[in-house]
Each structure stands twice: as structure tokens, then as C-alpha cells.
$ cat model.txt   # compact mmCIF, N, CA and C atoms
# COMPACT_ATOMS: atom_id res chain seq x y z
N MET A 235 0.84 -1.17 0.00
CA MET A 235 0.00 0.00 0.00
C MET A 235 0.88 1.24 0.00
N ARG A 236 0.58 2.17 -0.89
CA ARG A 236 1.37 3.39 -0.98
C ARG A 236 0.99 4.34 0.14
N ARG A 237 1.99 4.94 0.75
CA ARG A 237 1.74 5.91 1.82
C ARG A 237 1.70 7.33 1.28
N GLY A 238 2.62 7.66 0.38
CA GLY A 238 2.69 9.01 -0.14
C GLY A 238 2.51 9.01 -1.64
N VAL A 239 2.07 10.11 -2.20
CA VAL A 239 1.84 10.23 -3.63
C VAL A 239 2.69 11.38 -4.15
N VAL A 240 3.46 11.10 -5.18
CA VAL A 240 4.27 12.14 -5.81
C VAL A 240 3.49 12.67 -7.00
N ILE A 241 3.27 13.98 -7.03
CA ILE A 241 2.54 14.59 -8.14
C ILE A 241 3.50 15.47 -8.91
N LYS A 242 3.58 15.23 -10.22
CA LYS A 242 4.48 16.01 -11.08
C LYS A 242 3.84 17.35 -11.40
N MET A 243 4.65 18.28 -11.85
CA MET A 243 4.18 19.61 -12.19
C MET A 243 3.12 19.54 -13.28
N GLY A 244 2.00 20.19 -13.07
CA GLY A 244 0.93 20.21 -14.06
C GLY A 244 -0.02 19.03 -13.95
N GLU A 245 0.25 18.11 -13.07
CA GLU A 245 -0.61 16.93 -12.91
C GLU A 245 -1.56 17.18 -11.75
N SER A 246 -2.82 16.82 -11.93
CA SER A 246 -3.77 16.98 -10.84
C SER A 246 -4.29 15.60 -10.45
N ARG A 247 -4.55 15.45 -9.19
CA ARG A 247 -5.05 14.18 -8.69
C ARG A 247 -6.01 14.47 -7.55
N THR A 248 -7.16 13.80 -7.57
CA THR A 248 -8.11 14.00 -6.49
C THR A 248 -7.74 13.10 -5.32
N VAL A 249 -7.87 13.62 -4.14
CA VAL A 249 -7.60 12.85 -2.93
C VAL A 249 -8.92 12.71 -2.20
N GLY A 250 -9.31 11.49 -1.93
CA GLY A 250 -10.57 11.25 -1.25
C GLY A 250 -10.65 9.82 -0.78
N LEU A 251 -11.85 9.39 -0.48
CA LEU A 251 -12.06 8.05 0.06
C LEU A 251 -11.51 6.96 -0.84
N PRO A 252 -11.74 6.98 -2.16
CA PRO A 252 -11.21 5.89 -2.98
C PRO A 252 -9.70 5.78 -2.96
N ASN A 253 -8.98 6.90 -2.78
CA ASN A 253 -7.53 6.84 -2.77
C ASN A 253 -6.96 6.47 -1.41
N MET A 254 -7.73 6.62 -0.36
CA MET A 254 -7.23 6.35 0.98
C MET A 254 -7.50 4.92 1.43
N MET A 255 -8.44 4.24 0.82
CA MET A 255 -8.90 2.95 1.30
C MET A 255 -8.54 1.84 0.31
N PRO A 256 -8.04 0.69 0.80
CA PRO A 256 -7.74 -0.42 -0.11
C PRO A 256 -9.00 -0.92 -0.82
N LEU A 257 -8.81 -1.50 -1.99
CA LEU A 257 -9.93 -1.95 -2.82
C LEU A 257 -10.90 -2.88 -2.11
N PRO A 258 -10.46 -3.90 -1.36
CA PRO A 258 -11.45 -4.77 -0.71
C PRO A 258 -12.37 -4.01 0.24
N TYR A 259 -11.85 -2.99 0.91
CA TYR A 259 -12.69 -2.21 1.81
C TYR A 259 -13.65 -1.31 1.04
N ARG A 260 -13.21 -0.79 -0.10
CA ARG A 260 -14.12 0.02 -0.93
C ARG A 260 -15.28 -0.82 -1.44
N VAL A 261 -14.99 -2.07 -1.82
CA VAL A 261 -16.04 -2.97 -2.27
C VAL A 261 -17.02 -3.24 -1.13
N LEU A 262 -16.51 -3.40 0.08
CA LEU A 262 -17.39 -3.61 1.23
C LEU A 262 -18.30 -2.40 1.48
N VAL A 263 -17.75 -1.21 1.34
CA VAL A 263 -18.56 -0.01 1.53
C VAL A 263 -19.69 0.03 0.50
N VAL A 264 -19.37 -0.30 -0.75
CA VAL A 264 -20.39 -0.32 -1.80
C VAL A 264 -21.44 -1.37 -1.48
N GLN A 265 -21.02 -2.55 -1.03
CA GLN A 265 -21.98 -3.60 -0.70
C GLN A 265 -22.89 -3.18 0.46
N MET A 266 -22.32 -2.54 1.47
CA MET A 266 -23.15 -2.09 2.59
C MET A 266 -24.15 -1.03 2.14
N LEU A 267 -23.71 -0.13 1.27
CA LEU A 267 -24.63 0.89 0.75
C LEU A 267 -25.75 0.27 -0.07
N VAL A 268 -25.42 -0.70 -0.91
CA VAL A 268 -26.44 -1.36 -1.73
C VAL A 268 -27.42 -2.12 -0.84
N ALA A 269 -26.92 -2.83 0.17
CA ALA A 269 -27.80 -3.56 1.08
C ALA A 269 -28.73 -2.60 1.83
N GLY A 270 -28.18 -1.48 2.29
CA GLY A 270 -29.01 -0.49 2.97
C GLY A 270 -30.04 0.13 2.05
N LEU A 271 -29.65 0.41 0.81
CA LEU A 271 -30.58 0.99 -0.16
C LEU A 271 -31.71 0.01 -0.49
N ILE A 272 -31.38 -1.25 -0.72
CA ILE A 272 -32.41 -2.24 -1.02
C ILE A 272 -33.35 -2.40 0.17
N SER A 273 -32.79 -2.43 1.38
CA SER A 273 -33.63 -2.56 2.58
C SER A 273 -34.55 -1.36 2.75
N ALA A 274 -34.03 -0.17 2.50
CA ALA A 274 -34.85 1.04 2.63
C ALA A 274 -35.98 1.06 1.60
N VAL A 275 -35.67 0.70 0.37
CA VAL A 275 -36.69 0.68 -0.68
C VAL A 275 -37.76 -0.36 -0.36
N LEU A 276 -37.34 -1.54 0.09
CA LEU A 276 -38.32 -2.57 0.45
C LEU A 276 -39.16 -2.15 1.64
N ALA A 277 -38.56 -1.45 2.61
CA ALA A 277 -39.33 -0.98 3.77
C ALA A 277 -40.39 0.02 3.35
N LEU A 278 -40.06 0.88 2.40
CA LEU A 278 -41.02 1.88 1.95
C LEU A 278 -42.11 1.29 1.04
N LEU A 279 -41.72 0.37 0.17
CA LEU A 279 -42.67 -0.13 -0.83
C LEU A 279 -43.43 -1.38 -0.41
N VAL A 280 -42.79 -2.28 0.31
CA VAL A 280 -43.41 -3.59 0.58
C VAL A 280 -43.73 -3.76 2.06
N GLY A 281 -42.74 -3.62 2.90
CA GLY A 281 -42.98 -3.79 4.33
C GLY A 281 -41.70 -4.06 5.08
N VAL A 282 -41.81 -4.02 6.38
CA VAL A 282 -40.65 -4.16 7.25
C VAL A 282 -40.10 -5.59 7.23
N ALA A 283 -40.97 -6.59 7.09
CA ALA A 283 -40.50 -7.98 7.09
C ALA A 283 -39.57 -8.25 5.89
N ASP A 284 -39.95 -7.75 4.73
CA ASP A 284 -39.10 -7.93 3.55
C ASP A 284 -37.82 -7.12 3.66
N ALA A 285 -37.90 -5.94 4.25
CA ALA A 285 -36.70 -5.13 4.46
C ALA A 285 -35.75 -5.83 5.44
N GLY A 286 -36.31 -6.48 6.45
CA GLY A 286 -35.49 -7.24 7.39
C GLY A 286 -34.81 -8.41 6.72
N ALA A 287 -35.51 -9.07 5.79
CA ALA A 287 -34.90 -10.18 5.05
C ALA A 287 -33.75 -9.68 4.19
N ALA A 288 -33.92 -8.52 3.56
CA ALA A 288 -32.85 -7.95 2.74
C ALA A 288 -31.66 -7.54 3.61
N LEU A 289 -31.94 -6.99 4.76
CA LEU A 289 -30.86 -6.61 5.67
C LEU A 289 -30.11 -7.84 6.19
N LEU A 290 -30.84 -8.90 6.45
CA LEU A 290 -30.22 -10.15 6.88
C LEU A 290 -29.33 -10.73 5.78
N ALA A 291 -29.77 -10.62 4.53
CA ALA A 291 -28.94 -11.06 3.41
C ALA A 291 -27.68 -10.20 3.31
N GLY A 292 -27.81 -8.91 3.58
CA GLY A 292 -26.65 -8.03 3.57
C GLY A 292 -25.64 -8.44 4.62
N ILE A 293 -26.11 -8.78 5.81
CA ILE A 293 -25.21 -9.24 6.86
C ILE A 293 -24.56 -10.55 6.47
N THR A 294 -25.34 -11.43 5.84
CA THR A 294 -24.82 -12.73 5.42
C THR A 294 -23.70 -12.60 4.39
N VAL A 295 -23.74 -11.58 3.57
CA VAL A 295 -22.71 -11.39 2.55
C VAL A 295 -21.55 -10.53 3.06
N VAL A 296 -21.84 -9.49 3.79
CA VAL A 296 -20.81 -8.52 4.16
C VAL A 296 -19.83 -9.08 5.20
N ILE A 297 -20.30 -9.85 6.16
CA ILE A 297 -19.39 -10.37 7.20
C ILE A 297 -18.31 -11.27 6.60
N PRO A 298 -18.65 -12.26 5.75
CA PRO A 298 -17.57 -13.07 5.15
C PRO A 298 -16.66 -12.26 4.24
N ASN A 299 -17.22 -11.30 3.51
CA ASN A 299 -16.38 -10.47 2.64
C ASN A 299 -15.47 -9.55 3.45
N ALA A 300 -15.93 -9.11 4.61
CA ALA A 300 -15.07 -8.29 5.47
C ALA A 300 -13.89 -9.11 5.98
N TYR A 301 -14.14 -10.35 6.37
CA TYR A 301 -13.06 -11.22 6.82
C TYR A 301 -12.07 -11.46 5.69
N PHE A 302 -12.59 -11.78 4.52
CA PHE A 302 -11.72 -12.07 3.38
C PHE A 302 -10.93 -10.83 2.97
N GLY A 303 -11.58 -9.68 2.95
CA GLY A 303 -10.89 -8.44 2.60
C GLY A 303 -9.80 -8.11 3.60
N TRP A 304 -10.06 -8.33 4.87
CA TRP A 304 -9.05 -8.08 5.90
C TRP A 304 -7.85 -8.99 5.70
N ARG A 305 -8.09 -10.26 5.35
CA ARG A 305 -7.00 -11.20 5.13
C ARG A 305 -6.20 -10.85 3.87
N VAL A 306 -6.87 -10.33 2.86
CA VAL A 306 -6.18 -9.95 1.62
C VAL A 306 -5.32 -8.71 1.84
N VAL A 307 -5.83 -7.75 2.57
CA VAL A 307 -5.11 -6.50 2.79
C VAL A 307 -3.94 -6.68 3.75
N ASN A 308 -4.03 -7.64 4.66
CA ASN A 308 -2.98 -7.87 5.66
C ASN A 308 -2.31 -9.22 5.44
N PRO A 309 -1.49 -9.36 4.40
CA PRO A 309 -0.82 -10.65 4.16
C PRO A 309 0.31 -10.86 5.16
N GLU A 310 0.77 -12.10 5.22
CA GLU A 310 1.89 -12.42 6.10
C GLU A 310 3.18 -11.90 5.45
N ALA A 311 4.03 -11.29 6.26
CA ALA A 311 5.26 -10.68 5.74
C ALA A 311 6.24 -11.76 5.28
N GLY A 312 6.89 -11.52 4.15
CA GLY A 312 7.92 -12.41 3.64
C GLY A 312 7.43 -13.78 3.22
N GLU A 313 6.18 -13.87 2.84
CA GLU A 313 5.60 -15.17 2.49
C GLU A 313 5.97 -15.57 1.07
N ASP A 314 6.23 -16.84 0.88
CA ASP A 314 6.52 -17.40 -0.43
C ASP A 314 5.30 -17.21 -1.34
N PRO A 315 5.47 -16.78 -2.60
CA PRO A 315 4.32 -16.54 -3.48
C PRO A 315 3.42 -17.76 -3.67
N GLN A 316 4.01 -18.95 -3.75
CA GLN A 316 3.19 -20.15 -3.91
C GLN A 316 2.36 -20.41 -2.66
N ARG A 317 2.96 -20.20 -1.51
CA ARG A 317 2.22 -20.39 -0.26
C ARG A 317 1.14 -19.31 -0.11
N ALA A 318 1.45 -18.09 -0.56
CA ALA A 318 0.47 -17.00 -0.47
C ALA A 318 -0.74 -17.28 -1.36
N SER A 319 -0.51 -17.82 -2.56
CA SER A 319 -1.64 -18.12 -3.43
C SER A 319 -2.47 -19.26 -2.86
N ARG A 320 -1.82 -20.25 -2.26
CA ARG A 320 -2.54 -21.35 -1.63
C ARG A 320 -3.37 -20.84 -0.46
N ARG A 321 -2.78 -19.95 0.33
CA ARG A 321 -3.50 -19.37 1.47
C ARG A 321 -4.70 -18.56 1.01
N LEU A 322 -4.55 -17.84 -0.10
CA LEU A 322 -5.64 -17.04 -0.63
C LEU A 322 -6.80 -17.92 -1.09
N VAL A 323 -6.49 -19.05 -1.72
CA VAL A 323 -7.55 -19.98 -2.15
C VAL A 323 -8.26 -20.57 -0.94
N ILE A 324 -7.49 -20.95 0.07
CA ILE A 324 -8.09 -21.51 1.29
C ILE A 324 -8.99 -20.48 1.97
N GLN A 325 -8.55 -19.24 2.00
CA GLN A 325 -9.37 -18.20 2.62
C GLN A 325 -10.63 -17.92 1.80
N GLY A 326 -10.55 -18.06 0.48
CA GLY A 326 -11.74 -17.92 -0.34
C GLY A 326 -12.76 -19.01 -0.04
N VAL A 327 -12.28 -20.23 0.16
CA VAL A 327 -13.16 -21.33 0.53
C VAL A 327 -13.75 -21.08 1.92
N GLN A 328 -12.93 -20.60 2.85
CA GLN A 328 -13.44 -20.27 4.18
C GLN A 328 -14.53 -19.20 4.10
N LYS A 329 -14.35 -18.22 3.23
CA LYS A 329 -15.35 -17.17 3.07
C LYS A 329 -16.67 -17.75 2.59
N GLN A 330 -16.61 -18.65 1.62
CA GLN A 330 -17.84 -19.27 1.10
C GLN A 330 -18.52 -20.13 2.16
N LEU A 331 -17.72 -20.87 2.93
CA LEU A 331 -18.29 -21.70 3.99
C LEU A 331 -18.92 -20.84 5.09
N LEU A 332 -18.27 -19.74 5.44
CA LEU A 332 -18.84 -18.83 6.43
C LEU A 332 -20.16 -18.24 5.93
N MET A 333 -20.22 -17.90 4.64
CA MET A 333 -21.46 -17.38 4.08
C MET A 333 -22.57 -18.44 4.14
N LEU A 334 -22.22 -19.67 3.85
CA LEU A 334 -23.19 -20.76 3.90
C LEU A 334 -23.69 -20.97 5.33
N VAL A 335 -22.78 -20.96 6.30
CA VAL A 335 -23.16 -21.13 7.70
C VAL A 335 -24.07 -19.99 8.15
N LEU A 336 -23.75 -18.76 7.77
CA LEU A 336 -24.59 -17.62 8.13
C LEU A 336 -25.96 -17.69 7.47
N MET A 337 -26.00 -18.19 6.23
CA MET A 337 -27.27 -18.33 5.54
C MET A 337 -28.15 -19.38 6.22
N ILE A 338 -27.55 -20.50 6.60
CA ILE A 338 -28.30 -21.54 7.31
C ILE A 338 -28.78 -21.02 8.65
N ALA A 339 -27.92 -20.30 9.37
CA ALA A 339 -28.31 -19.73 10.66
C ALA A 339 -29.44 -18.72 10.50
N ALA A 340 -29.41 -17.94 9.43
CA ALA A 340 -30.47 -16.96 9.19
C ALA A 340 -31.81 -17.65 8.96
N PHE A 341 -31.80 -18.73 8.20
CA PHE A 341 -33.06 -19.42 7.92
C PHE A 341 -33.55 -20.23 9.10
N ILE A 342 -32.65 -20.76 9.91
CA ILE A 342 -33.07 -21.49 11.10
C ILE A 342 -33.56 -20.51 12.17
N GLY A 343 -32.84 -19.40 12.32
CA GLY A 343 -33.14 -18.46 13.39
C GLY A 343 -34.35 -17.58 13.15
N SER A 344 -34.51 -17.07 11.93
CA SER A 344 -35.58 -16.09 11.74
C SER A 344 -36.48 -16.38 10.55
N ALA A 345 -36.15 -17.34 9.73
CA ALA A 345 -36.94 -17.70 8.55
C ALA A 345 -37.37 -16.47 7.74
N PRO A 346 -36.41 -15.77 7.12
CA PRO A 346 -36.75 -14.56 6.36
C PRO A 346 -37.53 -14.89 5.09
N ALA A 347 -38.19 -13.89 4.56
CA ALA A 347 -38.92 -14.05 3.30
C ALA A 347 -37.90 -14.40 2.21
N PRO A 348 -38.13 -15.47 1.44
CA PRO A 348 -37.10 -15.95 0.51
C PRO A 348 -36.79 -15.00 -0.65
N TRP A 349 -37.81 -14.37 -1.25
CA TRP A 349 -37.56 -13.53 -2.43
C TRP A 349 -36.70 -12.32 -2.10
N PRO A 350 -37.02 -11.55 -1.07
CA PRO A 350 -36.14 -10.42 -0.75
C PRO A 350 -34.74 -10.86 -0.30
N PHE A 351 -34.68 -11.97 0.45
CA PHE A 351 -33.39 -12.45 0.94
C PHE A 351 -32.49 -12.84 -0.23
N PHE A 352 -32.98 -13.73 -1.09
CA PHE A 352 -32.13 -14.20 -2.19
C PHE A 352 -31.94 -13.14 -3.28
N GLY A 353 -32.92 -12.28 -3.47
CA GLY A 353 -32.75 -11.19 -4.42
C GLY A 353 -31.64 -10.25 -3.99
N THR A 354 -31.63 -9.91 -2.70
CA THR A 354 -30.57 -9.05 -2.17
C THR A 354 -29.23 -9.77 -2.19
N LEU A 355 -29.24 -11.06 -1.88
CA LEU A 355 -28.02 -11.85 -1.90
C LEU A 355 -27.40 -11.84 -3.30
N ILE A 356 -28.22 -12.06 -4.31
CA ILE A 356 -27.72 -12.05 -5.69
C ILE A 356 -27.24 -10.66 -6.08
N ALA A 357 -27.98 -9.63 -5.69
CA ALA A 357 -27.56 -8.25 -6.01
C ALA A 357 -26.22 -7.92 -5.36
N LEU A 358 -26.01 -8.36 -4.13
CA LEU A 358 -24.75 -8.07 -3.45
C LEU A 358 -23.60 -8.86 -4.03
N LEU A 359 -23.84 -10.09 -4.43
CA LEU A 359 -22.78 -10.87 -5.07
C LEU A 359 -22.41 -10.26 -6.42
N ALA A 360 -23.40 -9.75 -7.15
CA ALA A 360 -23.10 -9.06 -8.41
C ALA A 360 -22.37 -7.75 -8.14
N THR A 361 -22.76 -7.06 -7.07
CA THR A 361 -22.09 -5.82 -6.70
C THR A 361 -20.62 -6.07 -6.37
N HIS A 362 -20.34 -7.21 -5.76
CA HIS A 362 -18.97 -7.57 -5.41
C HIS A 362 -18.09 -7.60 -6.66
N GLY A 363 -18.58 -8.25 -7.70
CA GLY A 363 -17.80 -8.32 -8.93
C GLY A 363 -17.74 -7.00 -9.68
N LEU A 364 -18.86 -6.31 -9.76
CA LEU A 364 -18.90 -5.04 -10.50
C LEU A 364 -18.12 -3.94 -9.78
N ALA A 365 -18.25 -3.87 -8.48
CA ALA A 365 -17.54 -2.82 -7.74
C ALA A 365 -16.04 -3.01 -7.83
N GLY A 366 -15.59 -4.26 -7.77
CA GLY A 366 -14.16 -4.52 -7.90
C GLY A 366 -13.64 -4.07 -9.25
N ALA A 367 -14.41 -4.34 -10.30
CA ALA A 367 -13.98 -3.95 -11.64
C ALA A 367 -14.05 -2.43 -11.83
N LEU A 368 -15.11 -1.79 -11.31
CA LEU A 368 -15.28 -0.36 -11.53
C LEU A 368 -14.39 0.49 -10.62
N LEU A 369 -14.19 0.06 -9.39
CA LEU A 369 -13.41 0.87 -8.45
C LEU A 369 -11.91 0.66 -8.58
N GLY A 370 -11.51 -0.55 -8.93
CA GLY A 370 -10.09 -0.84 -8.93
C GLY A 370 -9.52 -1.10 -10.29
N GLY A 371 -10.34 -1.46 -11.25
CA GLY A 371 -9.84 -1.80 -12.57
C GLY A 371 -9.10 -3.12 -12.55
N PRO A 372 -8.41 -3.42 -13.63
CA PRO A 372 -7.66 -4.69 -13.67
C PRO A 372 -6.47 -4.64 -12.72
N PRO A 373 -6.03 -5.80 -12.26
CA PRO A 373 -4.89 -5.81 -11.35
C PRO A 373 -3.64 -5.26 -12.02
N ARG A 374 -2.91 -4.45 -11.29
CA ARG A 374 -1.68 -3.85 -11.82
C ARG A 374 -0.51 -4.29 -10.97
N GLY A 375 -0.16 -5.53 -11.07
CA GLY A 375 0.91 -6.06 -10.24
C GLY A 375 2.15 -6.33 -11.05
N ARG A 376 2.94 -7.24 -10.56
CA ARG A 376 4.21 -7.59 -11.18
C ARG A 376 4.01 -8.13 -12.58
N ILE A 377 2.96 -8.92 -12.82
CA ILE A 377 2.73 -9.53 -14.13
C ILE A 377 2.42 -8.44 -15.16
N ALA A 378 1.62 -7.45 -14.78
CA ALA A 378 1.29 -6.38 -15.72
C ALA A 378 2.54 -5.57 -16.09
N ARG A 379 3.46 -5.38 -15.14
CA ARG A 379 4.69 -4.65 -15.43
C ARG A 379 5.61 -5.44 -16.33
N GLN A 380 5.62 -6.76 -16.21
CA GLN A 380 6.49 -7.59 -17.05
C GLN A 380 6.04 -7.59 -18.50
N ARG A 381 4.75 -7.39 -18.75
CA ARG A 381 4.23 -7.41 -20.12
C ARG A 381 4.58 -6.17 -20.90
N ARG A 382 4.91 -5.10 -20.22
CA ARG A 382 5.19 -3.83 -20.91
C ARG A 382 6.51 -3.86 -21.63

$ encode --input "model.txt" --output "C-alpha cells"
Amino acid sequence: MRRGVVIKMGESRTVGLPNMMPLPYRVLVVQMLVAGLISAVLALLVGVADAGAALLAGITVVIPNAYFGWRVVNPEAGEDPQRASRRLVIQGVQKQLLMLVLMIAAFIGSAPAPWPFFGTLIALLATHGLAGALLGGPPRGRIARQRR
């Protein structure tokens, strides 16, 4: 993560939330906003029960993504690249399992309305992919530099 930004003469750059926060956290913020927006719209148009189901779906998606984002942003220092990629895959599987456990717990504990719950779940999973592409663009790592 870059701490300081060097700006050349005549170059302008905006400084704000997107530049201060790592990409996984920006995606989480977008997901929380989308979940809140869907819940608010459902509360106004349909009812509180459906809004609660949408909010529960938001919690079901955001908590595992927050864990995964935290693990991605804070890697182990001096880790072998092969071990790091293996760890990343394992953490991705853990994220999916945590989401499944939270989904089962949500249906056992409160039995939310299925359409708002799964509709919000699908919207948030789509937001995860779209926000990553729109906010961060393609990865610009060592491989991208080698191709130049």
C-alpha cells in the first residue's frame, strides 16, 4: 500500500475516500450501501419484514467479505508466493463456507422471506464483482509490469 503520492508539475489528482482505502474495503462499503438501499426501498414499498430479510442477506454477505478483505489486505510478511496463493484460495473457501453457515443460521433463526433475501443476496454478489472492476480496474501487479 502506498503511503505518499508524488505529483508532477501540471498533474492533478483528487484525494478522497477511494484513494485512501484499499480496494477490498471500498467494495465492502459499496456492498453495505447497496444492502441499505435495497432494505430502505423494500421498507417503503413492501414492508418491514421484507426489508429485514434484505438486511439479513446483507449481513450474510458482508461479514464473510469483510473477513476475506481483511486477510487480503494484511498478508503475512515475507511469504513465499506459492504459499500465499494457496493461502488465498483456502481463505476464499473459508469465506464461502462462512457465508453458507450464516445463511443456514439466518433461515433457522428467523426464517426470512425468501424472495427479498435471495434477491438481495444475488444483487450483493453481483455488486462484489462489479464494484471490484469499476473501483479498482484490472490488477496492476508484477505480471502487468512484465508485459510492458

$ closest_residue --input "model.txt" --among "A:Ala347, A:Leu334, A:Leu257, A:Leu262" --to "A:Gly281" --atoms "only C-alpha atoms"
A:Ala347

$ atom_distance --input "model.txt" --atom1 "atom C of A:Gln330" --atom2 "atom C of A:Ile342"
18.1 Å

$ atom_distance --input "model.txt" --atom1 "atom N of A:Tyr301" --atom2 "atom N of A:Leu267"
14.9 Å

$ closest_residue --input "model.txt" --among "A:Thr361, A:Gln265, A:Ser319, A:Ser273" --to "A:Ala300" --atoms "only C-alpha atoms"
A:Gln265

$ closest_residue --input "model.txt" --among "A:Leu279, A:Leu336, A:Val261, A:Met255" --to "A:Leu369" --atoms "only C-alpha atoms"
A:Val261

$ residues_around --input "model.txt" --residues "A:Leu358" --least-positions-apart "6" --cutoff "8 Å" --atoms "only C-alpha atoms" --output "list in words"
Gln265, Val268, Ala269, Gly292 and Val295 of chain A

$ residues_near_point --input "model.txt" --point "(-34.9, -15.7, 1.8)" --cutoff "12 Å" --atoms "only C-alpha atoms" --output "PyMOL selection string"
chain A and resi 283-292+294+337-342+344-356

$ atom_distance --input "model.txt" --atom1 "atom N of A:Ala274" --atom2 "atom CA of A:Gly363"
21.5 Å

$ decode --input "model.txt" --residues "stretch 247-328 of chain A" --atoms "C-alpha atoms" --output "JSON list (two decimals), in the first residue's frame"
[["chain", "number", "residue", "atom", "x", "y", "z"],
["A", 247, "ARG", "CA", -5.05, 14.18, -8.69],
["A", 248, "THR", "CA", -8.11, 14.00, -6.49],
["A", 249, "VAL", "CA", -7.60, 12.85, -2.93],
["A", 250, "GLY", "CA", -10.57, 11.25, -1.25],
["A", 251, "LEU", "CA", -12.06, 8.05, 0.06],
["A", 252, "PRO", "CA", -11.21, 5.89, -2.98],
["A", 253, "ASN", "CA", -7.53, 6.84, -2.77],
["A", 254, "MET", "CA", -7.23, 6.35, 0.98],
["A", 255, "MET", "CA", -8.90, 2.95, 1.30],
["A", 256, "PRO", "CA", -7.74, -0.42, -0.11],
["A", 257, "LEU", "CA", -9.93, -1.95, -2.82],
["A", 258, "PRO", "CA", -11.45, -4.77, -0.71],
["A", 259, "TYR", "CA", -12.69, -2.21, 1.81],
["A", 260, "ARG", "CA", -14.12, 0.02, -0.93],
["A", 261, "VAL", "CA", -16.04, -2.97, -2.27],
["A", 262, "LEU", "CA", -17.39, -3.61, 1.23],
["A", 263, "VAL", "CA", -18.56, -0.01, 1.53],
["A", 264, "VAL", "CA", -20.39, -0.32, -1.80],
["A", 265, "GLN", "CA", -21.98, -3.60, -0.70],
["A", 266, "MET", "CA", -23.15, -2.09, 2.59],
["A", 267, "LEU", "CA", -24.63, 0.89, 0.75],
["A", 268, "VAL", "CA", -26.44, -1.36, -1.73],
["A", 269, "ALA", "CA", -27.80, -3.56, 1.08],
["A", 270, "GLY", "CA", -29.01, -0.49, 2.97],
["A", 271, "LEU", "CA", -30.58, 0.99, -0.16],
["A", 272, "ILE", "CA", -32.41, -2.24, -1.02],
["A", 273, "SER", "CA", -33.63, -2.56, 2.58],
["A", 274, "ALA", "CA", -34.85, 1.04, 2.63],
["A", 275, "VAL", "CA", -36.69, 0.68, -0.68],
["A", 276, "LEU", "CA", -38.32, -2.57, 0.45],
["A", 277, "ALA", "CA", -39.33, -0.98, 3.77],
["A", 278, "LEU", "CA", -41.02, 1.88, 1.95],
["A", 279, "LEU", "CA", -42.67, -0.13, -0.83],
["A", 280, "VAL", "CA", -43.41, -3.59, 0.58],
["A", 281, "GLY", "CA", -42.98, -3.79, 4.33],
["A", 282, "VAL", "CA", -40.65, -4.16, 7.25],
["A", 283, "ALA", "CA", -40.50, -7.98, 7.09],
["A", 284, "ASP", "CA", -39.10, -7.93, 3.55],
["A", 285, "ALA", "CA", -36.70, -5.13, 4.46],
["A", 286, "GLY", "CA", -35.49, -7.24, 7.39],
["A", 287, "ALA", "CA", -34.90, -10.18, 5.05],
["A", 288, "ALA", "CA", -32.85, -7.95, 2.74],
["A", 289, "LEU", "CA", -30.86, -6.61, 5.67],
["A", 290, "LEU", "CA", -30.22, -10.15, 6.88],
["A", 291, "ALA", "CA", -28.94, -11.06, 3.41],
["A", 292, "GLY", "CA", -26.65, -8.03, 3.57],
["A", 293, "ILE", "CA", -25.21, -9.24, 6.86],
["A", 294, "THR", "CA", -24.82, -12.73, 5.42],
["A", 295, "VAL", "CA", -22.71, -11.39, 2.55],
["A", 296, "VAL", "CA", -20.81, -8.52, 4.16],
["A", 297, "ILE", "CA", -19.39, -10.37, 7.20],
["A", 298, "PRO", "CA", -17.57, -13.07, 5.15],
["A", 299, "ASN", "CA", -16.38, -10.47, 2.64],
["A", 300, "ALA", "CA", -15.07, -8.29, 5.47],
["A", 301, "TYR", "CA", -13.06, -11.22, 6.82],
["A", 302, "PHE", "CA", -11.72, -12.07, 3.38],
["A", 303, "GLY", "CA", -10.89, -8.44, 2.60],
["A", 304, "TRP", "CA", -9.05, -8.08, 5.90],
["A", 305, "ARG", "CA", -7.00, -11.20, 5.13],
["A", 306, "VAL", "CA", -6.18, -9.95, 1.62],
["A", 307, "VAL", "CA", -5.11, -6.50, 2.79],
["A", 308, "ASN", "CA", -2.98, -7.87, 5.66],
["A", 309, "PRO", "CA", -0.82, -10.65, 4.16],
["A", 310, "GLU", "CA", 1.89, -12.42, 6.10],
["A", 311, "ALA", "CA", 5.26, -10.68, 5.74],
["A", 312, "GLY", "CA", 7.92, -12.41, 3.64],
["A", 313, "GLU", "CA", 5.60, -15.17, 2.49],
["A", 314, "ASP", "CA", 6.52, -17.40, -0.43],
["A", 315, "PRO", "CA", 4.32, -16.54, -3.48],
["A", 316, "GLN", "CA", 3.19, -20.15, -3.91],
["A", 317, "ARG", "CA", 2.22, -20.39, -0.26],
["A", 318, "ALA", "CA", 0.47, -17.00, -0.47],
["A", 319, "SER", "CA", -1.64, -18.12, -3.43],
["A", 320, "ARG", "CA", -2.54, -21.35, -1.63],
["A", 321, "ARG", "CA", -3.50, -19.37, 1.47],
["A", 322, "LEU", "CA", -5.64, -17.04, -0.63],
["A", 323, "VAL", "CA", -7.55, -19.98, -2.15],
["A", 324, "ILE", "CA", -8.09, -21.51, 1.29],
["A", 325, "GLN", "CA", -9.37, -18.20, 2.62],
["A", 326, "GLY", "CA", -11.74, -17.92, -0.34],
["A", 327, "VAL", "CA", -13.16, -21.33, 0.53],
["A", 328, "GLN", "CA", -13.44, -20.27, 4.18]]
